[in-house]
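*Asks:* Structure file entry_10.cif (mmCIF, C-alpha atoms and all ligand atoms) is given on the next line.
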```
data_run
#
loop_
_atom_site.label_atom_id
_atom_site.label_comp_id
_atom_site.auth_asym_id
_atom_site.auth_seq_id
_atom_site.Cartn_x
_atom_site.Cartn_y
_atom_site.Cartn_z
CA MET A 1 -9.59 -17.57 25.46
CA SER A 2 -11.94 -20.50 25.75
CA GLU A 3 -14.92 -21.95 23.94
CA ALA A 4 -17.25 -20.46 26.56
CA ASP A 5 -16.35 -16.98 25.28
CA PHE A 6 -17.60 -17.62 21.74
CA LYS A 7 -20.70 -18.42 19.80
CA LEU A 8 -20.95 -19.40 16.17
CA GLY A 9 -22.80 -16.76 14.13
CA GLN A 10 -25.61 -18.62 12.38
CA SER A 11 -25.75 -16.42 9.29
CA THR A 12 -22.04 -15.70 9.04
CA GLY A 13 -20.36 -18.99 9.96
CA THR A 14 -17.97 -16.86 12.02
CA TRP A 15 -16.98 -17.08 15.68
CA GLU A 16 -18.34 -14.09 17.60
CA THR A 17 -17.38 -12.91 21.06
CA ASN A 18 -18.62 -10.34 23.53
CA SER A 19 -16.11 -11.27 26.22
CA VAL A 20 -13.75 -8.41 27.11
CA ALA A 21 -10.77 -10.77 27.54
CA ALA A 22 -11.36 -12.60 24.25
CA ALA A 23 -12.01 -9.39 22.29
CA THR A 24 -8.83 -7.85 23.74
CA SER A 25 -6.74 -10.82 22.75
CA ILE A 26 -8.21 -10.97 19.23
CA LEU A 27 -7.70 -7.28 18.51
CA ASN A 28 -4.11 -7.50 19.77
CA ASP A 29 -3.29 -10.69 17.85
CA ARG A 30 -0.71 -9.93 15.15
CA ASN A 31 -1.53 -13.17 13.33
CA LEU A 32 -5.03 -11.88 12.63
CA ARG A 33 -5.75 -9.13 10.16
CA HIS A 34 -8.47 -7.20 8.39
CA TYR A 35 -10.39 -8.30 5.38
CA ASP A 36 -8.34 -7.51 2.27
CA LEU A 37 -10.64 -4.87 0.83
CA THR A 38 -7.98 -3.52 -1.54
CA GLY A 39 -7.50 -6.97 -3.08
CA SER A 40 -11.21 -7.63 -3.14
CA PHE A 41 -11.96 -4.60 -5.33
CA GLN A 42 -9.12 -5.61 -7.63
CA ARG A 43 -10.57 -9.14 -7.87
CA MET A 44 -14.02 -7.74 -8.59
CA ALA A 45 -12.52 -5.78 -11.47
CA ASP A 46 -10.69 -8.88 -12.75
CA ILE A 47 -13.55 -11.33 -12.39
CA ILE A 48 -16.68 -9.46 -13.39
CA GLY A 49 -15.12 -6.71 -15.42
CA ARG A 50 -16.66 -3.96 -13.26
CA ASP A 51 -14.01 -1.66 -11.94
CA PHE A 52 -14.64 0.99 -9.32
CA PRO A 53 -11.34 2.83 -9.68
CA ASN A 54 -12.17 5.64 -7.25
CA ILE A 55 -13.30 3.32 -4.46
CA ARG A 56 -10.16 1.26 -5.11
CA ARG A 57 -8.00 4.35 -4.87
CA ILE A 58 -9.46 5.43 -1.52
CA VAL A 59 -9.55 1.92 -0.05
CA ALA A 60 -5.81 1.65 -0.80
CA ILE A 61 -5.22 4.74 1.37
CA VAL A 62 -7.37 3.95 4.43
CA PRO A 63 -4.99 2.44 7.05
CA LEU A 64 -7.71 0.10 8.32
CA PHE A 65 -7.55 -1.93 5.12
CA GLN A 66 -3.75 -2.14 4.87
CA HIS A 67 -1.25 -4.63 6.22
CA GLY A 68 2.49 -4.60 6.98
CA ASP A 69 4.60 -1.75 5.62
CA THR A 70 1.73 -0.19 3.67
CA HIS A 71 -0.29 -0.02 6.87
CA VAL A 72 2.58 1.69 8.70
CA LEU A 73 2.92 4.25 5.88
CA ARG A 74 -0.80 5.00 5.59
CA ARG A 75 -1.27 5.19 9.36
CA ARG A 76 1.63 7.64 9.62
CA GLN A 77 0.21 9.83 6.82
CA MET A 78 -3.16 9.97 8.54
CA ALA A 79 -1.62 10.63 11.97
CA GLU A 80 0.47 13.49 10.53
CA LYS A 81 -2.58 15.04 8.92
CA LEU A 82 -4.41 14.94 12.26
CA ALA A 83 -1.41 16.30 14.20
CA GLN A 84 -0.97 19.22 11.76
CA ALA A 85 -4.61 20.13 12.26
CA ALA A 86 -4.57 19.82 16.08
CA ARG A 87 -4.99 23.51 16.87
CA PRO A 88 -7.67 24.44 14.33
CA LEU A 89 -9.46 21.20 15.26
CA ARG A 90 -9.58 22.31 18.89
CA GLU A 91 -10.91 25.75 17.98
CA MET A 92 -13.47 24.31 15.58
CA THR A 93 -14.62 21.79 18.20
CA VAL A 94 -15.28 24.52 20.79
CA ALA A 95 -17.22 26.64 18.28
CA GLU A 96 -19.21 23.71 16.86
CA CYS A 97 -20.23 22.32 20.25
CA ALA A 98 -21.52 25.74 21.35
CA ARG A 99 -23.40 26.04 18.07
CA ALA A 100 -24.87 22.52 18.48
CA ALA A 101 -26.04 23.28 22.03
CA ASP A 102 -27.61 26.56 20.84
CA ARG A 103 -29.52 24.71 18.12
CA LEU A 104 -30.80 22.21 20.69
CA CYS A 105 -32.28 25.10 22.66
CA GLU A 106 -34.19 26.79 19.82
CA PRO A 107 -37.93 26.40 20.45
CA GLY A 108 -39.79 24.08 18.07
CA PRO A 109 -39.04 20.73 16.43
CA VAL A 110 -35.41 19.60 15.90
CA GLU A 111 -34.18 16.62 13.88
CA ILE A 112 -30.85 16.09 15.55
CA MET A 113 -29.00 13.92 13.02
CA SER A 114 -29.49 16.18 9.99
CA GLU A 115 -29.60 19.52 11.83
CA VAL A 116 -26.93 19.00 14.48
CA VAL A 117 -24.84 15.80 14.34
CA TRP A 118 -23.99 15.57 10.64
CA PRO A 119 -23.35 19.32 10.13
CA MET A 120 -21.07 19.51 13.20
CA THR A 121 -19.25 16.30 12.26
CA ASN A 122 -18.73 17.44 8.67
CA ARG A 123 -17.54 20.91 9.68
CA ILE A 124 -15.12 19.63 12.33
CA LEU A 125 -13.66 16.99 10.03
CA SER A 126 -13.38 19.48 7.16
CA VAL A 127 -10.39 20.90 9.07
CA VAL A 128 -8.58 17.65 8.18
CA SER A 129 -10.25 16.71 4.91
CA GLY A 130 -10.62 20.15 3.35
CA THR A 131 -14.29 19.55 2.46
CA THR A 132 -17.66 19.43 4.21
CA ARG A 133 -18.89 17.04 1.51
CA ARG A 134 -20.17 13.78 2.97
CA VAL A 135 -19.21 10.63 1.06
CA ASP A 136 -21.66 8.09 2.40
CA VAL A 137 -20.63 4.41 2.67
CA LEU A 138 -23.67 3.51 4.78
CA PRO A 139 -25.83 2.32 1.86
CA LEU A 140 -23.27 -0.49 1.42
CA LEU A 141 -23.87 -1.62 5.01
CA ASP A 142 -27.63 -2.19 4.97
CA GLY A 143 -27.32 -5.88 4.14
CA SER A 144 -28.43 -5.58 0.51
CA PRO A 145 -25.39 -4.46 -1.47
CA GLY A 146 -25.79 -4.04 -5.21
CA LEU A 147 -23.56 -2.88 -8.03
CA ASN A 148 -25.56 0.35 -8.33
CA LYS A 149 -24.63 1.29 -4.78
CA TYR A 150 -20.94 0.72 -5.55
CA ARG A 151 -21.28 2.75 -8.74
CA LYS A 152 -22.89 5.64 -6.81
CA LEU A 153 -20.14 5.54 -4.17
CA ASP A 154 -17.48 5.46 -6.89
CA GLN A 155 -19.04 8.56 -8.51
CA ASP A 156 -19.33 10.37 -5.16
CA ILE A 157 -15.66 9.71 -4.43
CA ALA A 158 -14.68 10.92 -7.93
CA ALA A 159 -16.63 14.16 -7.35
CA GLY A 160 -15.01 14.58 -3.91
CA LEU A 161 -11.50 14.05 -5.29
CA ALA A 162 -12.13 16.49 -8.16
CA GLU A 163 -13.38 19.18 -5.77
CA LEU A 164 -10.33 18.72 -3.52
CA ALA A 165 -7.89 18.74 -6.46
CA GLU A 166 -9.31 22.10 -7.52
CA ARG A 167 -9.15 23.47 -3.99
CA PHE A 168 -5.60 22.24 -3.30
CA PRO A 169 -3.83 22.43 -6.68
CA GLU A 170 -0.39 22.27 -5.03
CA GLU A 171 -1.06 18.83 -3.48
CA THR A 172 -0.25 15.44 -5.03
CA GLU A 173 -2.96 12.90 -5.91
CA ASP A 174 -1.91 10.91 -2.89
CA GLN A 175 -2.28 13.87 -0.51
CA ILE A 176 -5.74 14.58 -1.92
CA GLY A 177 -6.60 10.91 -1.40
CA VAL A 178 -5.52 11.04 2.26
CA ARG A 179 -7.87 14.00 2.78
CA LEU A 180 -10.90 12.20 1.39
CA ALA A 181 -9.99 8.90 3.09
CA SER A 182 -9.82 10.70 6.46
CA SER A 183 -13.34 12.08 6.13
CA LEU A 184 -14.65 8.72 4.97
CA ILE A 185 -13.25 6.66 7.84
CA ALA A 186 -13.93 9.28 10.51
CA GLY A 187 -17.32 10.74 9.56
CA GLN A 188 -19.55 7.72 9.95
CA ALA A 189 -17.85 6.50 13.13
CA LEU A 190 -18.06 9.91 14.79
CA ALA A 191 -21.59 10.83 13.71
CA SER A 192 -22.99 7.45 14.73
CA THR A 193 -21.32 7.52 18.14
CA LEU A 194 -22.41 11.11 18.84
CA GLY A 195 -25.92 10.13 17.68
CA VAL A 196 -26.30 7.04 19.88
CA ASN A 197 -24.93 8.83 22.96
CA LEU A 198 -27.25 11.81 22.51
CA LEU A 199 -30.17 9.47 21.88
CA GLU A 200 -29.49 7.50 25.06
CA GLN A 201 -30.23 10.57 27.20
CA LEU A 202 -32.76 12.34 25.00
CA ARG A 203 -34.97 9.25 24.91
CA ARG A 204 -35.74 9.99 28.57
CA ALA A 205 -36.59 13.64 27.98
CA ASP A 206 -40.20 14.56 28.72
CA ASP A 207 -40.36 18.33 29.12
CA THR A 208 -36.97 17.98 30.84
CA PRO A 209 -34.34 20.75 31.02
CA LEU A 210 -31.42 19.71 28.76
CA GLY A 211 -28.94 20.27 31.59
CA ALA A 212 -30.87 17.97 33.94
CA LEU A 213 -30.25 14.88 31.78
CA ASP A 214 -27.51 12.53 32.97
CA TRP A 215 -24.65 13.56 30.63
CA SER A 216 -21.59 11.39 31.17
CA ASP A 217 -18.10 12.69 30.30
CA ASP A 218 -17.32 9.38 28.60
CA PHE A 219 -19.10 7.65 25.77
CA THR A 220 -21.47 5.04 27.15
CA SER A 221 -22.41 3.67 23.70
CA THR A 222 -20.48 3.23 20.49
CA GLY A 223 -21.64 3.52 16.92
CA VAL A 224 -18.87 1.16 15.72
CA LEU A 225 -20.28 -2.11 16.95
CA SER A 226 -17.75 -4.74 15.96
CA ALA A 227 -14.37 -5.53 14.43
CA GLU A 228 -13.68 -8.54 12.23
CA ARG A 229 -10.36 -10.36 11.87
CA LEU A 230 -9.10 -13.12 9.56
CA PRO A 231 -5.97 -15.27 9.75
CA ALA A 232 -3.02 -13.47 8.14
CA ASN A 233 -1.85 -16.63 6.35
CA GLY A 234 -5.19 -17.19 4.62
CA ASP A 235 -5.75 -20.62 6.23
CA PRO A 236 -9.07 -21.42 7.92
CA LEU A 237 -9.13 -19.95 11.41
CA VAL A 238 -8.91 -22.49 14.26
CA LEU A 239 -9.24 -20.42 17.45
CA TRP A 240 -8.53 -23.22 19.93
CA PRO A 241 -7.66 -26.90 19.54
CA GLY A 242 -10.73 -28.75 18.27
CA ALA A 243 -12.68 -25.56 17.41
CA GLN A 244 -14.69 -25.52 14.21
CA PRO A 245 -12.52 -23.86 11.55
CA VAL A 246 -14.08 -20.61 10.29
CA LYS A 247 -13.25 -17.77 7.92
CA SER A 248 -13.10 -15.04 10.54
CA VAL A 249 -13.82 -13.91 14.10
CA ILE A 250 -15.89 -10.89 15.15
CA ALA A 251 -15.20 -8.97 18.37
CA ASP A 252 -18.14 -7.06 19.83
CA LEU A 253 -16.77 -3.60 20.67
CA THR A 254 -19.70 -2.71 22.90
CA CYS A 255 -18.33 -5.26 25.39
CA PHE A 256 -15.75 -2.67 26.49
CA LEU A 257 -18.50 -0.32 27.71
CA THR A 258 -19.50 -2.23 30.82
CA GLU A 259 -19.39 -1.58 34.55
CA ASP A 260 -16.69 -4.27 34.76
CA PRO A 261 -13.60 -2.53 36.25
CA ASP A 262 -11.37 -4.77 34.09
CA ALA A 263 -13.10 -3.69 30.90
CA ASN A 264 -11.07 -1.05 29.13
CA ARG A 265 -13.54 1.63 28.02
CA THR A 266 -11.18 2.90 25.34
CA GLY A 267 -11.31 -0.59 23.80
CA MET A 268 -14.38 0.56 21.89
CA PHE A 269 -11.88 2.42 19.66
CA GLY A 270 -10.10 -0.82 18.78
CA LEU A 271 -6.80 -2.12 20.12
CA GLY A 272 -3.42 -3.12 18.75
CA ALA A 273 -1.90 -2.02 15.45
CA HIS A 274 -5.19 -0.68 14.03
CA ARG A 275 -6.44 1.18 17.09
CA CYS A 276 -8.34 4.33 16.25
CA LEU A 277 -6.38 7.48 15.46
CA GLY A 278 -9.37 9.68 16.21
CA ALA A 279 -10.15 8.45 19.74
CA GLY A 280 -8.71 11.53 21.50
CA LEU A 281 -10.45 13.94 19.14
CA SER A 282 -13.78 12.11 19.44
CA GLN A 283 -13.65 12.08 23.24
CA THR A 284 -12.74 15.78 23.31
CA ILE A 285 -15.70 16.59 21.07
CA TRP A 286 -18.08 14.65 23.32
CA ARG A 287 -16.74 16.26 26.53
CA GLN A 288 -17.01 19.70 25.01
CA LEU A 289 -20.56 19.02 23.86
CA VAL A 290 -21.78 17.70 27.22
CA SER A 291 -20.12 20.57 29.07
CA GLN A 292 -22.23 22.90 26.89
CA LEU A 293 -25.42 20.87 27.36
CA ARG A 294 -25.08 20.71 31.15
CA GLY A 295 -25.58 24.45 31.47
CA ARG A 296 -28.75 24.61 29.34
CA THR A 297 -32.23 25.10 30.75
CA ALA A 298 -34.28 24.67 27.55
CA ARG A 299 -36.98 22.00 28.14
CA VAL A 300 -36.99 19.17 25.62
CA THR A 301 -39.30 16.27 24.83
CA PHE A 302 -38.32 13.17 22.89
CA VAL A 303 -40.50 12.48 19.83
CA GLU A 304 -39.10 9.51 17.85
CA SER A 305 -35.99 7.79 16.51
CA PRO A 306 -36.40 5.02 13.96
CA PRO A 307 -33.17 3.01 13.60
CA LEU A 308 -31.30 2.71 10.32
CA PRO A 309 -30.67 -0.90 9.36
CA SER A 310 -26.93 -1.34 9.04
CA ILE A 311 -24.26 -3.94 9.58
CA GLY A 312 -21.50 -3.10 12.03
CA ILE A 313 -22.54 0.53 12.58
CA GLY A 314 -25.31 1.53 14.97
CA LEU A 315 -26.56 4.76 13.49
CA PRO A 316 -29.79 6.51 14.42
CA SER A 317 -31.09 7.78 11.06
CA ILE A 318 -33.38 10.31 12.72
CA ILE A 319 -33.67 11.71 16.26
CA ARG A 320 -36.67 14.02 16.63
CA ILE A 321 -37.17 16.13 19.72
CA HIS A 322 -39.33 19.12 20.52
CA VAL A 323 -38.05 22.13 22.41
CA ALA A 324 -40.62 24.03 24.53
CA ASN A 325 -41.19 27.69 23.87
CA ASP A 326 -40.83 29.44 27.22
CA GLN A 327 -42.06 32.74 25.78
CA LEU A 328 -45.59 31.43 25.21
C1 LIG B 1 -16.46 8.08 18.33
C2 LIG B 1 -15.99 7.96 17.11
C3 LIG B 1 -15.11 6.83 16.63
C4 LIG B 1 -15.14 5.52 16.94
C5 LIG B 1 -16.11 4.79 17.87
C6 LIG B 1 -14.06 4.89 16.20
C7 LIG B 1 -13.76 3.55 16.27
C8 LIG B 1 -12.70 2.97 15.61
C9 LIG B 1 -12.37 1.57 15.71
C10 LIG B 1 -13.11 0.54 16.53
C11 LIG B 1 -11.27 1.36 14.92
C12 LIG B 1 -10.54 0.03 14.76
C13 LIG B 1 -11.33 -0.90 13.87
C14 LIG B 1 -10.69 -2.25 13.77
O1 LIG B 1 -9.62 -2.50 14.33
O2 LIG B 1 -11.27 -3.09 13.04
C15 LIG B 1 -10.92 2.62 14.31
C16 LIG B 1 -9.88 2.82 13.45
C17 LIG B 1 -9.56 4.03 12.90
N1 LIG B 1 -10.13 5.25 13.20
FE1 LIG B 1 -11.71 5.57 14.38
N2 LIG B 1 -13.41 5.84 15.47
C18 LIG B 1 -14.01 7.04 15.71
C19 LIG B 1 -13.65 8.28 15.19
C20 LIG B 1 -12.57 8.50 14.39
C21 LIG B 1 -12.14 9.81 13.94
C22 LIG B 1 -12.82 11.13 14.31
C23 LIG B 1 -11.04 9.60 13.16
C24 LIG B 1 -10.15 10.59 12.43
C25 LIG B 1 -10.24 11.88 12.53
C26 LIG B 1 -10.77 8.16 13.13
C27 LIG B 1 -9.75 7.57 12.44
C28 LIG B 1 -9.49 6.22 12.45
C29 LIG B 1 -8.45 5.61 11.66
C30 LIG B 1 -7.49 6.33 10.70
C31 LIG B 1 -8.47 4.23 11.94
C32 LIG B 1 -7.60 3.14 11.33
C33 LIG B 1 -6.31 3.01 12.08
C34 LIG B 1 -5.45 1.90 11.50
O3 LIG B 1 -5.95 1.03 10.77
O4 LIG B 1 -4.25 1.90 11.79
N3 LIG B 1 -11.72 7.54 13.89
N4 LIG B 1 -11.81 3.59 14.76
#
```
Could the structure of this file be written out as structure tokens, please?
Ligand code: HEM
*Replies:*
Amino acid sequence: MSEADFKLGQSTGTWETNSVAAATSILNDRNLRHYDLTGSFQRMADIIGRDFPNIRRIVAIVPLFQHGDTHVLRRRQMAEKLAQAARPLREMTVAECARAADRLCEPGPVEIMSEVVWPMTNRILSVVSGTTRRVDVLPLLDGSPGLNKYRKLDQDIAAGLAELAERFPEETEDQIGVRLASSLIAGQALASTLGVNLLEQLRRADDTPLGALDWSDDFTSTGVLSAERLPANGDPLVLWPGAQPVKSVIADLTCFLTEDPDANRTGMFGLGAHRCLGAGLSQTIWRQLVSQLRGRTARVTFVESPPLPSIGIGLPSIIRIHVANDQL
């Protein structure tokens, strides 16, 4: 790691890197850890007297926001939930990808995010979570957070937990929490990555047969753009002798998706103790989807895709295409 690999983020006062070597070393560094989101919600409750108990409850279950033994426990719970669901997940993935490809071939206008990506993501993940309900954290990531947005998220989580408790009366509160936490951490990451990879090819479509687009078996873009790490001991972070001390460092995850043979493409799913538990599932879904799309002759034309402003997640809000009607 050297100074040449980093630049100081002007707005954040944080070191940022898009070097594969530096990002790899940061994500594998056991002395660096995630932002303490669990503690931060507790502090918010203590300091300003506004508690968001349902957000707090879910945040305390998501492995990404845990450290040490709690992280090990939460990661194991989530991994077990995924392993138990392996077979139905496979079956659901096959069915959903065929259904998605069929929808992309129906003549007329298609809005891919709301008609294809979100429904397929929600249905596939419902095998793990037990609900197709989407609890949306994206409003918190648009750069203008406000208490109302936290309140809305807190209410959405409460409604999700209540629905699950009714559906699975034999499960403990903790088990119900793991279900909702799994859909929350997985949904946005998966939908955004499916969206940006579809968009990359569909942008080129101009009365082009779907199967003639250049569908790669691997993701070539990622919706999860970066990962942030802070020093575990709470001291200011000094990355190399003489470096300006900062609060945190941000690794650009898109740096792993290069033509560089040393770049590890699976690095876009994170590395080290917090590496993604859904990487295999996500890659299987994408491969299944492109294998369906490759065989399709429907002719499509790209219409528009305005981006959604968000921090850390690259999510197309809308992808409009038009499918030609061969019968006319
Ligand atoms: C293409 C879609 C996905 C991408 C790009 C992605 C990316 C990531 C990344 C980069 C991390 C690490 C973040 C960090 O270290 O700061 C992560 C963690 C995680 N991901 Fe994913 N993810 C995706 C889909 C999923 C799915 C489908 C699931 C579950 C079904 C999932 C479950 C998790 C979990 C549980 C963690 C936290 C692991 C831990 O903290 O120990 N992800 N993901």
*Asks:* Step by step, measure atom-to-atom distances between ligand LIG 1 (chain B) and each residue using all atoms listed in the file, keep those at most 8 Å, then write them as a PyMOL selection string.
*Replies:* chain A and resi 27+34+62-66+71-72+74-75+78-79+82+125+128+182-183+185-194+219+222-229+253+267-279+281-283
*Asks:* Near segment 102-108 of chain A, within 6 Å and counting all atoms listed in the file, which residues show up once chain neighbours fewer than 4 positions away are dropped, as a PyMOL selection string?
*Replies:* chain A and resi 298+322-325
*Asks:* Which of these residues is nearest to Arg287 of chain A, using all atoms listed in the file: A:Glu163, A:Ala158, A:Asn197, A:Thr258?
*Replies:*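 Checking each of A:Glu163, A:Ala158, A:Asn197, A:Thr258 against Arg287 of chain A, counting all atoms listed in the file, the winner is A:Asn197.
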*Asks:* Quick one: of A:Ser2, A:Gln77, A:Asp206, A:Val20, who's nearest to Asn264 of chain A, counting all atoms listed in the file?
*Replies:* A:Val20
*Asks:* Choose the residue, out of A:Gln244, A:Gln42, A:Ile285, A:Val238, that has the smallest atom-to-atom separation from Leu89 of chain A; count all atoms listed in the file.
*Replies:* A:Ile285
*Asks:* Any idea what the distance is between atom CA of Phe168 of chain A and atom CA of Leu180 of chain A?
*Replies:* 12.3 Å
*Asks:* Taking into account only C-alpha atoms, which residue in the set A:Gly312, A:Gly177, A:Gly130, A:Gly146 is nearest to Asp252 of chain A?
*Replies:*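 Answer, going by the shortest atom-to-atom distance: A:Gly312.
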*Asks:* Kindly indicate which residue among A:Val127, A:Asn54, A:Asp214, A:Tyr35 lies nearest to Arg87 of chain A, using only C-alpha atoms for the distances.
*Replies:*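 For Arg87 of chain A, the nearest of the given residues is A:Val127.
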